[in-house]
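**Student:** Next up is a structure, given as structure tokens.
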Amino acid sequence: MRFKVALLVAVAATLALAATAGATSTLSSHGQLLNVRANTNQSSNWFGYNQGSLALGDTLFNSITGDWTVPTVSQHTPGQEEDSSDWIGIGGGCVDAACTVGDNTLIQTGTEQDVDASGNPSYSAWWELVPAPSVSISMTVSPGDHMHASIAELIPDTDVWTITLQDVTKNESFSTTVPYPSTHLTAEWIEETPLLIGTDAGFASLPNLTSPAFTSATVNGASANLQTSQEIDLIDSNGNVIGTPSAPNSTHDGFDACTWATSCS
């Protein structure tokens with residue numbers, strides 16, 4: 001009981017710190033839970049791959065890894081600010097194959113690729129514990145950089161996690177250990193239009209992006225064994241697909257992600 005009380009206090013302190021840091025360093029919240037069209041694998045904010053506990057025989061997720069190449073960002077619509085992020089996470093996705101059951105927790109880390117209204121690109125790194133806003137990572141991120149990310153529970157079912165993000169190309173690394181009460185119900189590798197906070201609140205507009213080429217995906221220490229049934233497409237407000245992942249690679253631990261496309265290979 002003392003451990004649980006201490007953990008809850010620590011979680012509250014961590015979320016408060018994240019909210020403060022996020023408010024001063026970024027105006028986006030990457031970790032919005034999957035916003036999915038009813039009974040489909042189509043979303044208005046995510047595309048990539050999602051694994052759910054019920055779809056995998058009640059599997060619980062205690063760790064996840066993934067690598068990707070930071071995509072080059074460019075403006076899709078002249079005069080419009082556009083934002084994107086690439087990340088791995090535990091929680092927040094579809095628990096069952098039909099996407100009828102969602103998850104309300106999410107712990108994640110990744111990179112962001114944005115363009116301002118004038119078309120100037122910017123790149124950054126972050127981590128996040130929903131419901132707090134994202135916290136910036138002091139790391140020099142450039143397009144083409146090879147990133148490696150890991151989220152792992154120190155001891156299974158203790159809800160204490162180590163979040164690691166490495167820029168392999170530049171030999172820069174970040175790691176933090178935090179308490180977080182996860183459901184352990186989903187795992188995902190995602191490209192996203194993040195939620196904007198403030199006067200322009202709402203999901204960001206999608207820029208043009210080169211493929212992040214996700215690879216080396218694992219869960220619970222083993223290959224993720226990605227399947228086409230786990231794909232999620234990004235749709236616009238009219239239900240048109242504007243972002244889609246490719247089929248899994250030959251080792252079923254990676255995929256490409258294509259923006260402004262209805263298919264990806």
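Chain labels A, B, ... are given in the sequence in which chains occur in the structure tokens; within each chain residues are numbered consecutively from 1, and ligands are likewise numbered from 1 in the order shown.
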Tell me which protein, DNA and RNA residues are within 7 Å of range 183-188 of chain A, counting only C-alpha atoms, leaving out same-chain ones fewer than 4 positions away, and put them as a list in words.
**Tutor:** Tyr49, Asn50, Gln51, Gly52, Ser53, Leu60, Phe61, Asn62, Ile88, Gly89, Ile90, Gly91, Gly92, Gly93, Cys94, Val95, Asp103 and Thr105 of chain A
**Student:** So that I can see what lies close to Thr262 in chain A, please list as a PDB file with N, CA and C atoms, in the first residue's frame the residues with an atom at most 8 Å from it, counting only C-alpha atoms and leaving out residues fewer than 6 positions away in the same chain.
**Tutor:**
```pdb
ATOM      1  N   VAL A 241      -8.376   8.747 -47.522  1.00  0.00           N
ATOM      2  CA  VAL A 241      -7.087   8.307 -46.998  1.00  0.00           C
ATOM      3  C   VAL A 241      -5.995   9.261 -47.491  1.00  0.00           C
ATOM      4  N   ILE A 242      -5.214   9.827 -46.536  1.00  0.00           N
ATOM      5  CA  ILE A 242      -4.130  10.748 -46.893  1.00  0.00           C
ATOM      6  C   ILE A 242      -2.781  10.289 -46.343  1.00  0.00           C
ATOM      7  N   GLY A 243      -2.776   9.207 -45.575  1.00  0.00           N
ATOM      8  CA  GLY A 243      -1.532   8.641 -45.069  1.00  0.00           C
ATOM      9  C   GLY A 243      -1.721   7.158 -44.846  1.00  0.00           C
ATOM     10  N   THR A 244      -0.763   6.355 -45.281  1.00  0.00           N
ATOM     11  CA  THR A 244      -0.944   4.911 -45.174  1.00  0.00           C
ATOM     12  C   THR A 244       0.400   4.208 -45.019  1.00  0.00           C
TER      13      THR A 244
END
```
**Student:** Kindly indicate which residue among A:Ser150, A:Ser124, A:Asn225, A:Ser211 lies nearest to Ser136 in chain A, using only C-alpha atoms for the distances.
**Tutor:** A:Ser124
**Student:** Enumerate, as a ChimeraX atom specification, the complete set of residues in range 6-242 of chain A that a backbone-based DSSP assignment places in alpha helix (DSSP H).
**Tutor:** /A:6-25
**Student:** For Ser173 in chain A, please output as a list of chain:residue names all residues within 12 Å (counting only C-alpha atoms; exclusion window: fewer than 6 positions along the same chain).
**Tutor:**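 Counting only C-alpha atoms, the residues come to A:Ala125, A:Trp126, A:Ile137, A:Ser138, A:Met139, A:Thr140, A:Val141, A:His146, A:Met147, A:His148, A:Ala149, A:Ser150, A:Ile163, A:Thr164, A:Leu165, A:Gln166, A:Asp167.
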**Student:** Just to confirm, what's the straight-line distance from CA of Thr176 in chain A to CA of Leu195 in chain A in Å (one decimal)?
**Tutor:**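 That distance, rounded to one decimal, is 23.7 Å.
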**Student:** Please determine, counting only C-alpha atoms, which residue among A:Leu54, A:Ala117, A:Leu34, A:Asp256 has the shortest atom-to-atom distance to Pro207 in chain A.
**Tutor:**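 Of A:Leu54, A:Ala117, A:Leu34, A:Asp256, the one nearest Pro207 in chain A is A:Ala117, counting only C-alpha atoms.
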**Student:** Counting only C-alpha atoms, which residue out of A:Asp233, A:Asp58, A:Asp67, A:Asp83 sits closest to Tyr123 in chain A?
**Tutor:**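 Residue with the minimum atom-to-atom distance to Tyr123 in chain A: A:Asp83.
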